[in-house]
Structure formats: C-alpha cells, structure tokens
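Here the structure comes first, spelled out in structure tokens, and everything after it is commentary.
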Amino acid sequence: MADGTRSLRGGSPASSPVLGGRGRSVVVAAAGGSTLPGHGFRRVTLTKPTFCHYCTDFIWGLAGYQCEVCNFMSHEKCLKNVKIPCSCIAPSLVRVPVAHCFGSPGHYKKKFCTVCRKSLDSPAFRCEVCELHVHTDCILFACSDCRQCHQDGHQDHDTYHHHWREGNLSSSARCEVCKKTCGSSEVLSGMRCEWCGILAHAACYIVVTPECTFGRLRNMILPPSCVQLFSRNFSKLHCFRISENLQTETDEDDDVEGSTQGSAKDIQISTDSSKQNFSKQTLKIFDGNDAVKRNQFRLISVPRIAKNEEVVEAALRAYYINDDQQEYELQTFTQQALLSDDVINRNNAAEDSNLGSVFRESVPEAWIIRAKPKDEEVIRIYPAWLKVGMAYVSLRVNKDSTTQTVIKEVLPLLGRQTECLQNFKLVEVLMGSKQVQRMILDNHELILNRLKDIRKTSIRQMNQTRFYIVENSKSIVRVNLFVSGLPPQLSPEEYTNILKDELAIKTNVVSVSHVYQAQGAVVLEISCFSEAERIYMLVKDTTVNDKPLNAVVIPEVMASKIPQNCCPLLVFVNPKSGGLKGRDLLYSFRKLLNPHQVFELTNGGPLPGLHMFSKVPSFRVLVCGGDGTVGWVLGALEEIRHKLVCAEPSVAILPLGTGNDLGRVLRWGAGYSGEDPYSILVSVDEADDVLMDRWTILLDADEPAEGAMNGMAEPEPPKIVQMNNYCGLGIDAELSLDFHHAREEEPGKFNSSWGSGADLWGSESDNRFEKPRIDDGLLEVVGVTGVVHMGQVQGGFRSGIRIAQGSYFRVTLLKPIPVQVDGEPWIQAPGQIIISAAGPKVRMLKKSKQKQKKTGSLRETRVDSTSGSEGGR
C-alpha cells in the first residue's frame, strides 16, 4: 500500500462527473472517492488447506474465490468486504512515487510476496527501507511506494500520513482499532504503518487517523521533512550508503529484471474444472520491444481450444494489467526478431481469425502483446503541488492534443486559469520499483503518440507511467559527497589541486565546502548531477599515495525544521562485529528509524555521520560493535567536537564485540543475543546520562621496530592511542594476542574474548584506595603472577594484586613486550609508555531500570609481575 493512499484514491473516469465542454469529456477525481479493488475473482476448487486473505480464517469446504491476477483468496461471504486493492491497480493508488532499495536475494521464512501474495519459498528480495518482500520474478511489478525518507525537490511537504504496508505480521499481532488478532503466518494479511508501527486489520485501518506521529520512537526519529537529498542519478543503495560489496551481481537492474526469464505464471482460463482436462499449450509472452531485446518474458499455460481474446486476457493478467482485453492483440515473431526491432504482425491474416483458436498445426512459441491504436484516450494529470481534496484530473486527449493544449485545459480545473502557460510544464514519471524516472515533455509533443511509444516499448511500463503538471521554478542542485582517504593536514587549496589531478573535477560546478584536515577528508558540494555521478564512480577506482579513496553521498539536515522536543539518534553499526549480527541490525534500524540516520562503519567510518549531524542542535549516538568500535567512534567524536553544534552528544552501546567490557559496566550486557531492536531503541531513549573518563597513551620506543635490518633503522615515531577500558602489558596481553591471531584464522569459532568481564580489581573494601568509578579521573593498576592466577581471576575465584590508583603513569619497558589497549594487542618495542587523562570527560548513556551486574572497575592497567617492566607515578 502507498503512503496516504486511503485519503487520495480517486474515482474512475467512468464514475466521475463530467465538467468539460466543447465536445471533450473532462473529469476531476476527488479524494475520498469510492475504492475500486480491481480484483478478478473466480470460483476455484481447493485441493489443499487454504486460508482467507481477508479474515485469515480457514476456508472450509472445497470451494473458494481467487483473484486471477494477484491470487487473493477469499470466502464467498468476505468478497463484499474486500478493501485491499489488486496488484494490477496498486500503482495508480500511490500518492508519492518513491523507489525501493532492494538488497541481495535471500531466504525469508514465513514471508509472502506483496505482488503475487504467494509464500517466498525461493530466494527473494527485501527492501532495505520498508517491509516490502517480493519474488525475483515479481520485482518488475512492485509499486514504487517505499517510505519517503527525505525531501528531493518533488512534492516536498511537512505533514506525514501513515505508510501502510500489508501483511507479513506475526501471528500474535493485534489490531489497534478492534484489539483482536490481525496477524497471520498463513497468508498475507493485516496492515502496519512503516513509520509508527501501528497494526490494524484491512477492514479497520481505514478508520485510523491518517496523520502519523511516528509513534513511541518519534523523539529519536529524524523527520523526513528535515532531510534534503538531491538523489537523481544515484541508486537507493548509494543514497542510503548501503555497501555494494554485500550485494550480488544479480542486484543490477538488467540482471534482476532478466530473472523474469523462464518464470512461470500459470494462468487458468476456464473456471470449470471439468474443462481443464484438455491438453494445454505453454506460451512465452513479451510485453513490448524492450522485453524482446532483453529476452524477458512471462509464461502462460492455456488450453489448446482457447480463443484469441482468452489468450490476450491471460497475457494481460500475467503482466498485472486489468484493462479491457478488446483493446489489445497478440503478435508473433520469428527467432530473428529477438535480435532486431522488426516485429511481424501475423494476426491479421484473416479478418475472422479472432473468433477461433489461436493455435494451428504450427504454433509459435513466443508472442508479443500489443495495444491497439486509438483515436482518443483519457489520461490522468496529477498536480505536483499537494492540493487538498484532489488526487488527479482526468482529461480526454485526441490526435491533435499536445503538451501545451493539455496544460491549457488542466489549469482552469485546478483554479489556476489566470496563470501564464509558460509557467508550467508537463512531466512524464515512470514509477519503476527500483528507480523513479522523470522526463519533461516538449510543449509540441503529441500526447497520443507519446502514449503509443510507451506501450510499444512496454505495456507494463504504461501501467506505471504518470503525467504531472509542474510549476516552473529555478531548482538549485546541491549534491554533497564526502570524500575520504586523502593525505592529512593539507590546506583546502592543496586538496582541490589533488582532486583536480586525480578526478579532473570541474571547479565551476564543484567546490570544497568542508575540510577535515586531521582525517584527510573533504566534503564536495556539486551543482551538476552528471558531474556528481562521474566523481562518485571515479573515486572507487582512485588511489592517492597508495591509499584508496572513498566517497559517500551525504544528505543535508535542515536543523531549523527539527521539532524542539526531538533528539535524533545517530546510529553506527559495525557489520563485521559479533559474528556478522550487525548486518541484521542495520536492516532493523533502517526500518525502525529514518535510514539516513543509520551509518555502516565499514563504509567511510564514523566521520560522514558526524558531519551530517554537525548542525543538529541536540542528538544522541548509538554504537553497535565491540570495545574497539566504541573507541573508534569516541575518538572521531573527540577530534571534531569543535565543529559540532551539539559538542557533547551522549553515546549508548549495543555490544557486538567479543569483549564488551564497556557495555557490561554501562548495563548494556555482555553481548547482543538477538534482543528486539525496537526494545533496544526504547532502552536507549530511557537511558541515563553519565560521564566517563578517557585516557591518552603515548608510546615512545627507544629502539628500532622488530625486524629492522642490522638494527640500523630509526626508532618508531611516538604513537598516541586513546583508551576507554583498559591497557594490558605482559602475560595478559600475550594471551590476548594469541587469541587474536587464532580468531583471525577461524573467526567462526570465537564469539567471546579472552578475559572479557574479568573483575581484576575485585569488590573487597580497601582503605588504601578509593572505590573505582568511571568518572573519578583515576586509573586503577593491578597485576597478576601468571597464567594460573589469570585463570583464577577469569573464573571468579581470585582478584588481581592491587598496585596503585592515579591520574598519570609512566611505564618503562626494558624489552619487547605484548601490549593491548581495549582488546587490540601488538608487540611494543622497549621505551616509555605514558598514560594520562584525555581532556574532558565524555557523556555516555547507562541503561536504566536494570540491576547493575557485578563487574567491578572498568578501566585497569594490568601489569604482569614477571614481565620485566617497571612502573611509577
């Protein structure tokens, strides 16, 4: 279902009032008109257990009623109550066309295809933004009715209606209106708003208030009216920064659409089962020249005695078209036609051939379904501005009608009769499931010829094509690309010169709007769509100083439009953490929130997200990953804090790593184990703000790095590392290093970390030291005597040896020694290690309403007493 279709369904031209004159029929469709589901039901004999798609109850007996197009199954008693539209008319009910964002094919148990309503037994596609599921061979017929998550210059508005999506609800789902069960695991049934999550029966959702308030998570959702993205020429994967390396090759337009080849849509012509015993013929049906070139067809199975009109009707149903079959005809062609544009019409050999069977002794295997030429047609013109109470204007056009005459006749019906014709244009919109394409029609274009050309290309595309009347305005194109991987610490002029040399950017349409010198990243503002696309694609294959560049499309957040009580959540997910659980969380959070506020850390790191939120006055951060991922985000936040309007956003953690010590102390648990993502977001919203110390570790080696030739190399330059949890030296770090190497070789065998959750400091009271806290500015130093002692600590039988508490430490290494910081181990050369407080404390979110587990101190410096190192304050 489309966003807001309930309030914008218009009546058909035949049932609308006639308003025009001069021999031309003109009708206006008003909002709130009668609903025309468009189904073609027939009585069928049931051979297996079947459930009604309307009431979800079992259909007792041997007979039911099934739509011949979309397979909607119903009791006889439920037929009169069916409100869900057939797939054949669903495109006409879309309010704002928005293409879907399909990921790679996958297996989805207990899910149903939105187009054909059948179960997804084979690999299928799922939209990464909304709850649409669709078969591979049904993807061409899916409506472009995805959630509108940003403004793009087309029909921008601030009021949002519920975005209803049918089916695939859990069997325990309950209707918000009648409070009864509305979900089913047996059929596609029930309705859900993809923004606020409200659930309802198909018969109940029409009484729900149309305006959507975004539900329980409204204070965390970045409102779509506050996000602007000029997305033309970019796929939905690019717009939502979804890594293409996770997509298979079949996700390309040509390959996915080509998957319809060989797909069978078996259409039964006769409604009498006794007549279905005759032998049948399977035919390939193409819907136009484009399908012939791509060799994309649908299969239909019809009796050999079927007449032409019956086969035409079956072909139309195969392509989800419910037009009058008398307006179409079948044409045959030879195999050579597959390689050329020449299609031979063989149907007109005899004038009365349509009265008999289409089959002869030699039957062609492939046919093309064509629209018969017309002298006049009724077309719908949609107003590009959201005029209250009006969905579209229906206008009759003939062979003399041009774009200019259509505009002239439509404007008075919209109350704009005093306007100048030159102030408006007619735009043709193709509402493809993966891309919405717009084309401005020339003022002298003959509309009837244009319709003929579209149908010749594809009658399916004609069913997905609209015409909008649009007011001319000077549109400002502004595409923002975040480019990283550049050399650090350069001036804006130097970055511009590098981009000129490597990417041949055109400075008249490309400018550097922001520079992140320490990170070697810039933001390009581009005023030309084609140039933006060229740069984006070229960056993928460009390296500077042997370092690959990376580009991310960044939307613009209009901070002035954000409601005062809204504190959007910026989500960072590391899909490689936690046994790849991050990938599922990416999908869940994109669906629950605005996908523009969810960032995948392997695609550009945390900086693009922080830049996008730099003007947001108040926001929070959720980091989904291990301790290292949290440190990565906190480090990036510290580096650009001065460039943020909200300089101190609070940070929550969803632990996905193998240690998760920080997550334990802040009550987020020892690791993610499949909790409901919705409940996680609620917990983040209810979490408490706390302060946490961060520490800076300076590593200054006195000797060359291990492996240097004859010891003649220069010592390693000083290295600075940020620490949030702990620093380990000696046996503890050695065990962690061995564990790290083993995990890299066989990651599937490791889902926890060595020593994770170990309480080295212990809980016993001690008059010598303060009670450890995460915000006291003190670091606890403990030691262990060896592997046995470490094992006893891990088992909870002993604690470490308390050595010191302080805010500044200097450690001298006398020989190479394993070192780890927040679970990241390495071998450190002899030299000095200086640990000190790292500037201001950071704000963290601590989960509330849950008893804190016994985890002891978070930040510890572990020193092995046999490692040969010395420490002091």
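Residue numbering restarts at 1 for every chain of the structure tokens, chains are lettered A, B, ... in their displayed order, and ligands are numbered from 1 as they appear.
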
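Within the 8 Å cut-off around Val616 (chain A), using only C-alpha atoms and omitting residues fewer than 6 positions from it on the same chain, the listed residues are Val557, Ala559, Leu644, Val645 and Cys646 of chain A.
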
Store the residues picked out above, limited to all heavy atoms, as a PDB file, in the first residue's frame.
ATOM      1  N   VAL A 557      20.896  17.980   6.548  1.00  0.00           N
ATOM      2  CA  VAL A 557      19.889  18.077   7.601  1.00  0.00           C
ATOM      3  C   VAL A 557      19.524  19.545   7.799  1.00  0.00           C
ATOM      4  O   VAL A 557      20.393  20.374   8.085  1.00  0.00           O
ATOM      5  CB  VAL A 557      20.398  17.481   8.923  1.00  0.00           C
ATOM      6  CG1 VAL A 557      19.355  17.660  10.022  1.00  0.00           C
ATOM      7  CG2 VAL A 557      20.717  16.000   8.747  1.00  0.00           C
ATOM      8  N   ALA A 559      18.374  21.800  10.077  1.00  0.00           N
ATOM      9  CA  ALA A 559      18.230  21.816  11.537  1.00  0.00           C
ATOM     10  C   ALA A 559      17.077  22.692  12.003  1.00  0.00           C
ATOM     11  O   ALA A 559      16.442  22.408  13.031  1.00  0.00           O
ATOM     12  CB  ALA A 559      19.535  22.272  12.178  1.00  0.00           C
ATOM     13  N   LEU A 644      30.945  20.630  15.904  1.00  0.00           N
ATOM     14  CA  LEU A 644      29.565  20.201  16.116  1.00  0.00           C
ATOM     15  C   LEU A 644      28.798  21.245  16.906  1.00  0.00           C
ATOM     16  O   LEU A 644      29.311  21.789  17.899  1.00  0.00           O
ATOM     17  CB  LEU A 644      29.518  18.869  16.866  1.00  0.00           C
ATOM     18  CG  LEU A 644      30.258  17.673  16.250  1.00  0.00           C
ATOM     19  CD1 LEU A 644      30.126  16.461  17.161  1.00  0.00           C
ATOM     20  CD2 LEU A 644      29.720  17.359  14.861  1.00  0.00           C
ATOM     21  N   VAL A 645      27.561  21.522  16.494  1.00  0.00           N
ATOM     22  CA  VAL A 645      26.696  22.395  17.287  1.00  0.00           C
ATOM     23  C   VAL A 645      26.389  21.727  18.620  1.00  0.00           C
ATOM     24  O   VAL A 645      26.393  22.373  19.669  1.00  0.00           O
ATOM     25  CB  VAL A 645      25.392  22.702  16.522  1.00  0.00           C
ATOM     26  CG1 VAL A 645      24.418  23.491  17.393  1.00  0.00           C
ATOM     27  CG2 VAL A 645      25.710  23.482  15.240  1.00  0.00           C
ATOM     28  N   CYS A 646      26.122  20.415  18.587  1.00  0.00           N
ATOM     29  CA  CYS A 646      25.963  19.632  19.817  1.00  0.00           C
ATOM     30  C   CYS A 646      27.317  19.014  20.135  1.00  0.00           C
ATOM     31  O   CYS A 646      27.641  17.920  19.664  1.00  0.00           O
ATOM     32  CB  CYS A 646      24.894  18.555  19.635  1.00  0.00           C
ATOM     33  SG  CYS A 646      24.655  17.469  21.055  1.00  0.00           S
TER      34      CYS A 646
END

Tell me, as number ranges by chain, which residues lie within 7 Å of region 594-598 of chain A, counting only C-alpha atoms; anything in the same chain fewer than 4 positions away does not count. A: 129, 149, 221-222, 240, 569-572, 589-590

Emit the selected residues as a compact mmCIF listing (two decimals), in the first residue's frame, including N, CA, C and O atoms.
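selection_26.txt written:
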# COMPACT_ATOMS: atom_id res chain seq x y z
N VAL A 129 14.54 -0.52 3.25
CA VAL A 129 13.99 0.66 3.91
C VAL A 129 12.59 0.40 4.46
O VAL A 129 12.24 0.89 5.51
N CYS A 149 11.78 9.18 2.76
CA CYS A 149 12.65 9.45 3.91
C CYS A 149 13.37 10.79 3.83
O CYS A 149 14.08 11.15 4.77
N ILE A 221 13.48 9.73 15.97
CA ILE A 221 13.47 9.65 14.51
C ILE A 221 13.81 11.01 13.92
O ILE A 221 13.29 12.04 14.33
N LEU A 222 14.69 11.01 12.94
CA LEU A 222 14.99 12.22 12.19
C LEU A 222 13.86 12.42 11.18
O LEU A 222 13.72 11.64 10.23
N PHE A 240 21.40 5.64 0.57
CA PHE A 240 21.36 5.20 1.97
C PHE A 240 22.67 4.55 2.41
O PHE A 240 22.73 3.89 3.44
N LEU A 569 18.57 10.12 16.93
CA LEU A 569 19.60 9.14 17.29
C LEU A 569 20.47 8.86 16.07
O LEU A 569 19.96 8.45 15.02
N LEU A 570 21.76 9.08 16.20
CA LEU A 570 22.73 8.76 15.15
C LEU A 570 23.27 7.36 15.44
O LEU A 570 23.87 7.13 16.50
N VAL A 571 23.03 6.43 14.52
CA VAL A 571 23.37 5.02 14.74
C VAL A 571 24.56 4.62 13.90
O VAL A 571 24.57 4.83 12.68
N PHE A 572 25.57 4.06 14.55
CA PHE A 572 26.74 3.49 13.86
C PHE A 572 26.73 1.98 14.09
O PHE A 572 26.63 1.52 15.23
N PHE A 589 17.35 -1.30 12.11
CA PHE A 589 17.38 0.11 12.48
C PHE A 589 16.98 1.01 11.32
O PHE A 589 16.38 2.06 11.53
N ARG A 590 17.33 0.62 10.09
CA ARG A 590 16.87 1.41 8.94
C ARG A 590 15.36 1.39 8.84
O ARG A 590 14.75 2.37 8.42

Can you measure CA of Ile774 (chain A) to CA of Val665 (chain A) for me? One decimal in Å is fine. 8.8 Å

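Across A:Pro303, A:Pro123, A:Pro825, A:Pro555, the tightest approach to Ser231 (chain A) is made by A:Pro555 when counting only C-alpha atoms.
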
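Note that CA of Leu316 (chain A) and CA of Lys111 (chain A) are 26.4 Å apart.
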
How close does each residue of region 372-413 of chain A get to region 443-455 of chain A, giving the shortest atom pair and distance in Å to one decimal for every residue with an atom at most 7 Å away, counting only C-alpha atoms, sorted by chain and residue number, as a Markdown table?
| residue | atom | partner | partner_atom | distance |
| --- | --- | --- | --- | --- |
| A:Asn398 | CA | A:Leu448 | CA | 6.4 |
| A:Lys399 | CA | A:Leu448 | CA | 5.7 |
| A:Asp400 | CA | A:Leu446 | CA | 6.8 |
| A:Ser401 | CA | A:Leu446 | CA | 5.8 |
| A:Thr402 | CA | A:Leu446 | CA | 4.5 |
| A:Thr403 | CA | A:Asn443 | CA | 4.8 |
| A:Gln404 | CA | A:Asn443 | CA | 5.0 |

Hey, can you spit out that residue selection with all heavy atoms as an mmCIF file, in the first residue's frame?
data_model
loop_
_atom_site.group_PDB
_atom_site.id
_atom_site.type_symbol
_atom_site.label_atom_id
_atom_site.label_comp_id
_atom_site.auth_asym_id
_atom_site.auth_seq_id
_atom_site.Cartn_x
_atom_site.Cartn_y
_atom_site.Cartn_z
ATOM 1 N N ASN A 398 -6.879 13.704 -27.906
ATOM 2 C CA ASN A 398 -7.004 13.115 -29.240
ATOM 3 C C ASN A 398 -5.705 13.291 -30.003
ATOM 4 O O ASN A 398 -4.694 13.710 -29.433
ATOM 5 C CB ASN A 398 -8.187 13.732 -29.995
ATOM 6 C CG ASN A 398 -8.085 15.246 -30.088
ATOM 7 O OD1 ASN A 398 -6.983 15.802 -30.194
ATOM 8 N ND2 ASN A 398 -9.230 15.930 -30.062
ATOM 9 N N LYS A 399 -5.741 13.027 -31.316
ATOM 10 C CA LYS A 399 -4.508 13.035 -32.096
ATOM 11 C C LYS A 399 -3.905 14.430 -32.235
ATOM 12 O O LYS A 399 -2.731 14.573 -32.601
ATOM 13 C CB LYS A 399 -4.767 12.428 -33.481
ATOM 14 C CG LYS A 399 -5.781 13.221 -34.301
ATOM 15 C CD LYS A 399 -5.992 12.557 -35.652
ATOM 16 C CE LYS A 399 -7.014 13.356 -36.496
ATOM 17 N NZ LYS A 399 -7.208 12.741 -37.820
ATOM 18 N N ASP A 400 -4.694 15.467 -31.948
ATOM 19 C CA ASP A 400 -4.187 16.830 -32.049
ATOM 20 C C ASP A 400 -3.712 17.395 -30.710
ATOM 21 O O ASP A 400 -3.184 18.511 -30.655
ATOM 22 C CB ASP A 400 -5.285 17.748 -32.610
ATOM 23 C CG ASP A 400 -5.713 17.343 -34.022
ATOM 24 O OD1 ASP A 400 -4.824 16.934 -34.801
ATOM 25 O OD2 ASP A 400 -6.916 17.418 -34.328
ATOM 26 N N SER A 401 -3.903 16.656 -29.630
ATOM 27 C CA SER A 401 -3.552 17.154 -28.306
ATOM 28 C C SER A 401 -2.037 17.179 -28.128
ATOM 29 O O SER A 401 -1.352 16.180 -28.369
ATOM 30 C CB SER A 401 -4.184 16.279 -27.218
ATOM 31 O OG SER A 401 -5.596 16.286 -27.330
ATOM 32 N N THR A 402 -1.545 18.324 -27.701
ATOM 33 C CA THR A 402 -0.118 18.474 -27.417
ATOM 34 C C THR A 402 0.072 18.770 -25.934
ATOM 35 O O THR A 402 -0.884 18.990 -25.190
ATOM 36 C CB THR A 402 0.490 19.623 -28.236
ATOM 37 O OG1 THR A 402 -0.122 20.848 -27.822
ATOM 38 C CG2 THR A 402 0.276 19.407 -29.724
ATOM 39 N N THR A 403 1.319 18.786 -25.534
ATOM 40 C CA THR A 403 1.625 19.120 -24.141
ATOM 41 C C THR A 403 1.042 20.480 -23.770
ATOM 42 O O THR A 403 0.463 20.655 -22.698
ATOM 43 C CB THR A 403 3.151 19.137 -23.933
ATOM 44 O OG1 THR A 403 3.667 17.836 -24.208
ATOM 45 C CG2 THR A 403 3.511 19.534 -22.516
ATOM 46 N N GLN A 404 1.166 21.434 -24.675
ATOM 47 C CA GLN A 404 0.700 22.791 -24.389
ATOM 48 C C GLN A 404 -0.825 22.853 -24.254
ATOM 49 O O GLN A 404 -1.356 23.521 -23.362
ATOM 50 C CB GLN A 404 1.166 23.736 -25.489
ATOM 51 C CG GLN A 404 1.077 25.205 -25.110
ATOM 52 C CD GLN A 404 1.833 26.081 -26.079
ATOM 53 O OE1 GLN A 404 1.970 25.751 -27.243
ATOM 54 N NE2 GLN A 404 2.348 27.198 -25.602
#

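Our summary of the geometry notes that CA of Leu592 (chain A) is positioned 23.7 Å from CA of Val207 (chain A).
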
Shell around Asp121 (chain A) at 8 Å using only C-alpha atoms, local window under 3 positions removed, as a PyMOL selection string: chain A and resi 107-109

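Look at Phe424 (chain A): the protein and nucleic acid residues within 7 Å of it, using only C-alpha atoms and passing over chain neighbours fewer than 5 places away, are Ile469, Val470, Glu471 and Asn472 of chain A.
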
Tell me which protein, DNA and RNA residues are within 9 Å of Phe141 (chain A), counting only C-alpha atoms, leaving out same-chain ones fewer than 4 positions away, and put them as a JSON list (two decimals) with C-alpha atoms, in the first residue's frame.
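Heads up, here's the output in result.json:
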[["chain", "number", "residue", "atom", "x", "y", "z"],
["A", 87, "SER", "CA", -1.72, -5.64, -7.68],
["A", 88, "CYS", "CA", -2.92, -4.56, -11.13],
["A", 91, "PRO", "CA", 0.41, 1.66, -8.96],
["A", 115, "VAL", "CA", 2.76, -8.71, -5.60],
["A", 137, "ASP", "CA", 10.19, -12.61, -10.98],
["A", 319, "TYR", "CA", 1.60, -8.67, -16.59],
["A", 320, "TYR", "CA", -0.83, -7.50, -13.87],
["A", 432, "GLY", "CA", 9.75, 1.73, -11.53],
["A", 433, "SER", "CA", 10.17, -0.34, -8.40],
["A", 460, "ARG", "CA", 3.76, -2.83, -18.23],
["A", 464, "GLN", "CA", 3.46, 2.52, -14.20]]

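Comparing A:Gln417, A:Gln148, A:Asn574, A:Ser736 by their smallest distance to Trp826 (chain A), the closest is A:Ser736 (using only C-alpha atoms).
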
Among region 506-712 of chain A, which residues does DSSP mark as strand (DSSP E or B) when it is run on the backbone? Keep the chain and numbering as in the structure and answer as number ranges by chain. A: 510-516, 521-526, 543-544, 547-548, 550-554, 556-557, 569-573, 598-600, 620-625, 651-655, 688-692, 695-701, 704

Within region 510-730 of chain A, find each residue whose DSSP state, derived from the backbone, is helix (DSSP H, G or I), and express the selection as a PDB file with C-alpha atoms, in the first residue's frame.
ATOM      1  CA  PHE A 529      24.021  15.773 -11.307  1.00  0.00           C
ATOM      2  CA  SER A 530      26.136  14.227 -14.055  1.00  0.00           C
ATOM      3  CA  GLU A 531      29.349  15.595 -12.555  1.00  0.00           C
ATOM      4  CA  ALA A 532      28.381  14.250  -9.120  1.00  0.00           C
ATOM      5  CA  GLU A 533      27.749  10.809 -10.547  1.00  0.00           C
ATOM      6  CA  ARG A 534      31.018  10.857 -12.520  1.00  0.00           C
ATOM      7  CA  ILE A 535      33.077  11.804  -9.466  1.00  0.00           C
ATOM      8  CA  TYR A 536      31.317   9.237  -7.268  1.00  0.00           C
ATOM      9  CA  MET A 537      32.029   6.388  -9.676  1.00  0.00           C
ATOM     10  CA  LEU A 538      35.608   7.511 -10.384  1.00  0.00           C
ATOM     11  CA  VAL A 539      36.541   7.710  -6.699  1.00  0.00           C
ATOM     12  CA  ALA A 559      18.230  21.816  11.537  1.00  0.00           C
ATOM     13  CA  SER A 560      15.717  24.649  11.690  1.00  0.00           C
ATOM     14  CA  LYS A 561      12.905  22.216  10.855  1.00  0.00           C
ATOM     15  CA  LYS A 581      24.960  -9.854  13.577  1.00  0.00           C
ATOM     16  CA  GLY A 582      25.496  -6.243  12.654  1.00  0.00           C
ATOM     17  CA  ARG A 583      24.076  -6.834   9.163  1.00  0.00           C
ATOM     18  CA  ASP A 584      20.671  -7.801  10.549  1.00  0.00           C
ATOM     19  CA  LEU A 585      20.746  -4.825  12.910  1.00  0.00           C
ATOM     20  CA  LEU A 586      21.472  -2.483  10.015  1.00  0.00           C
ATOM     21  CA  TYR A 587      18.239  -3.566   8.348  1.00  0.00           C
ATOM     22  CA  SER A 588      16.225  -3.400  11.574  1.00  0.00           C
ATOM     23  CA  PHE A 589      17.378   0.106  12.485  1.00  0.00           C
ATOM     24  CA  ARG A 590      16.870   1.410   8.943  1.00  0.00           C
ATOM     25  CA  LYS A 591      13.293   0.147   9.118  1.00  0.00           C
ATOM     26  CA  LEU A 592      12.555   1.456  12.617  1.00  0.00           C
ATOM     27  CA  PRO A 595      17.561   5.145   7.246  1.00  0.00           C
ATOM     28  CA  HIS A 596      19.509   8.383   6.773  1.00  0.00           C
ATOM     29  CA  GLN A 597      20.407   8.311  10.470  1.00  0.00           C
ATOM     30  CA  LEU A 607      33.052  10.831  10.191  1.00  0.00           C
ATOM     31  CA  PRO A 608      30.328  11.041   7.461  1.00  0.00           C
ATOM     32  CA  GLY A 609      27.610  10.533  10.078  1.00  0.00           C
ATOM     33  CA  LEU A 610      29.093  13.089  12.454  1.00  0.00           C
ATOM     34  CA  HIS A 611      29.399  15.568   9.607  1.00  0.00           C
ATOM     35  CA  MET A 612      25.758  15.045   8.606  1.00  0.00           C
ATOM     36  CA  ASP A 627      35.055  -2.079  22.538  1.00  0.00           C
ATOM     37  CA  GLY A 628      37.333  -1.218  19.631  1.00  0.00           C
ATOM     38  CA  THR A 629      34.404   0.094  17.594  1.00  0.00           C
ATOM     39  CA  VAL A 630      33.241   2.237  20.509  1.00  0.00           C
ATOM     40  CA  GLY A 631      36.743   3.651  20.889  1.00  0.00           C
ATOM     41  CA  TRP A 632      36.852   4.391  17.156  1.00  0.00           C
ATOM     42  CA  VAL A 633      33.644   6.428  17.305  1.00  0.00           C
ATOM     43  CA  LEU A 634      34.603   8.213  20.548  1.00  0.00           C
ATOM     44  CA  GLY A 635      37.982   9.113  19.061  1.00  0.00           C
ATOM     45  CA  ALA A 636      36.388  10.577  15.927  1.00  0.00           C
ATOM     46  CA  LEU A 637      33.879  12.450  18.084  1.00  0.00           C
ATOM     47  CA  GLU A 638      36.674  13.954  20.171  1.00  0.00           C
ATOM     48  CA  GLU A 639      38.597  15.066  17.068  1.00  0.00           C
ATOM     49  CA  ARG A 641      33.878  18.058  18.657  1.00  0.00           C
ATOM     50  CA  HIS A 642      34.634  21.732  17.979  1.00  0.00           C
ATOM     51  CA  LYS A 643      32.823  21.510  14.631  1.00  0.00           C
ATOM     52  CA  ASP A 661      33.689  -4.665  28.872  1.00  0.00           C
ATOM     53  CA  LEU A 662      32.365  -1.156  28.412  1.00  0.00           C
ATOM     54  CA  GLY A 663      28.917  -2.493  27.593  1.00  0.00           C
ATOM     55  CA  ARG A 664      28.900  -4.533  30.809  1.00  0.00           C
ATOM     56  CA  VAL A 665      29.719  -1.563  33.034  1.00  0.00           C
ATOM     57  CA  PRO A 677      15.776  -3.918  18.132  1.00  0.00           C
ATOM     58  CA  TYR A 678      12.663  -1.883  18.953  1.00  0.00           C
ATOM     59  CA  SER A 679      13.071  -2.570  22.687  1.00  0.00           C
ATOM     60  CA  ILE A 680      16.754  -1.635  22.400  1.00  0.00           C
ATOM     61  CA  LEU A 681      15.818   1.760  20.993  1.00  0.00           C
ATOM     62  CA  VAL A 682      13.289   2.263  23.787  1.00  0.00           C
ATOM     63  CA  SER A 683      16.015   1.456  26.319  1.00  0.00           C
ATOM     64  CA  VAL A 684      18.320   3.994  24.682  1.00  0.00           C
ATOM     65  CA  ASP A 685      15.575   6.603  24.874  1.00  0.00           C
ATOM     66  CA  GLU A 686      15.136   5.898  28.598  1.00  0.00           C
ATOM     67  CA  MET A 709      67.917  -4.573   9.086  1.00  0.00           C
ATOM     68  CA  ASN A 710      71.063  -4.812  11.313  1.00  0.00           C
ATOM     69  CA  GLY A 711      69.419  -2.540  13.864  1.00  0.00           C
TER      70      GLY A 711
END

I'd like the contact shell of His201 (chain A) - 8 Å cut-off, only C-alpha atoms, skipping same-chain residues fewer than 3 positions apart - returned as a PyMOL selection string. chain A and resi 175+182+189-191+204-205

Export, as a PDB file, in the first residue's frame, the selected residues with N, CA, C and O atoms.
ATOM      1  N   CYS A 175      -4.758  -5.726  16.438  1.00  0.00           N
ATOM      2  CA  CYS A 175      -5.286  -4.546  15.769  1.00  0.00           C
ATOM      3  C   CYS A 175      -5.435  -3.398  16.764  1.00  0.00           C
ATOM      4  O   CYS A 175      -5.958  -3.583  17.863  1.00  0.00           O
ATOM      5  N   CYS A 182      -4.657  -9.584  14.356  1.00  0.00           N
ATOM      6  CA  CYS A 182      -4.721  -9.192  12.945  1.00  0.00           C
ATOM      7  C   CYS A 182      -3.591  -9.792  12.120  1.00  0.00           C
ATOM      8  O   CYS A 182      -3.545  -9.587  10.908  1.00  0.00           O
ATOM      9  N   SER A 189      -1.700 -10.826   5.249  1.00  0.00           N
ATOM     10  CA  SER A 189      -2.892 -10.203   5.814  1.00  0.00           C
ATOM     11  C   SER A 189      -2.492  -9.239   6.916  1.00  0.00           C
ATOM     12  O   SER A 189      -1.430  -9.368   7.533  1.00  0.00           O
ATOM     13  N   GLY A 190      -3.383  -8.277   7.189  1.00  0.00           N
ATOM     14  CA  GLY A 190      -3.114  -7.271   8.205  1.00  0.00           C
ATOM     15  C   GLY A 190      -2.326  -6.107   7.650  1.00  0.00           C
ATOM     16  O   GLY A 190      -1.672  -6.204   6.610  1.00  0.00           O
ATOM     17  N   MET A 191      -2.376  -4.971   8.328  1.00  0.00           N
ATOM     18  CA  MET A 191      -1.716  -3.753   7.879  1.00  0.00           C
ATOM     19  C   MET A 191      -0.807  -3.210   8.979  1.00  0.00           C
ATOM     20  O   MET A 191      -1.098  -3.347  10.163  1.00  0.00           O
ATOM     21  N   CYS A 204     -10.086  -2.410   9.297  1.00  0.00           N
ATOM     22  CA  CYS A 204     -10.056  -1.432  10.382  1.00  0.00           C
ATOM     23  C   CYS A 204      -9.146  -0.242  10.105  1.00  0.00           C
ATOM     24  O   CYS A 204      -9.373   0.844  10.652  1.00  0.00           O
ATOM     25  N   TYR A 205      -8.120  -0.431   9.295  1.00  0.00           N
ATOM     26  CA  TYR A 205      -7.123   0.633   9.170  1.00  0.00           C
ATOM     27  C   TYR A 205      -7.683   1.887   8.508  1.00  0.00           C
ATOM     28  O   TYR A 205      -7.142   2.983   8.684  1.00  0.00           O
TER      29      TYR A 205
END

Find the residues around region 39-41 of chain A up to 10 Å (only C-alpha atoms counted), leave out those fewer than 6 positions away in its own chain, and share them as a PyMOL selection string. chain A and resi 64-74+79+82+84-89+317+322

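Minimum distance to Asp290 (chain A) across A:Ser458, A:Ser527, A:Asn508, A:Gln722 (counting only C-alpha atoms) occurs at A:Ser458.
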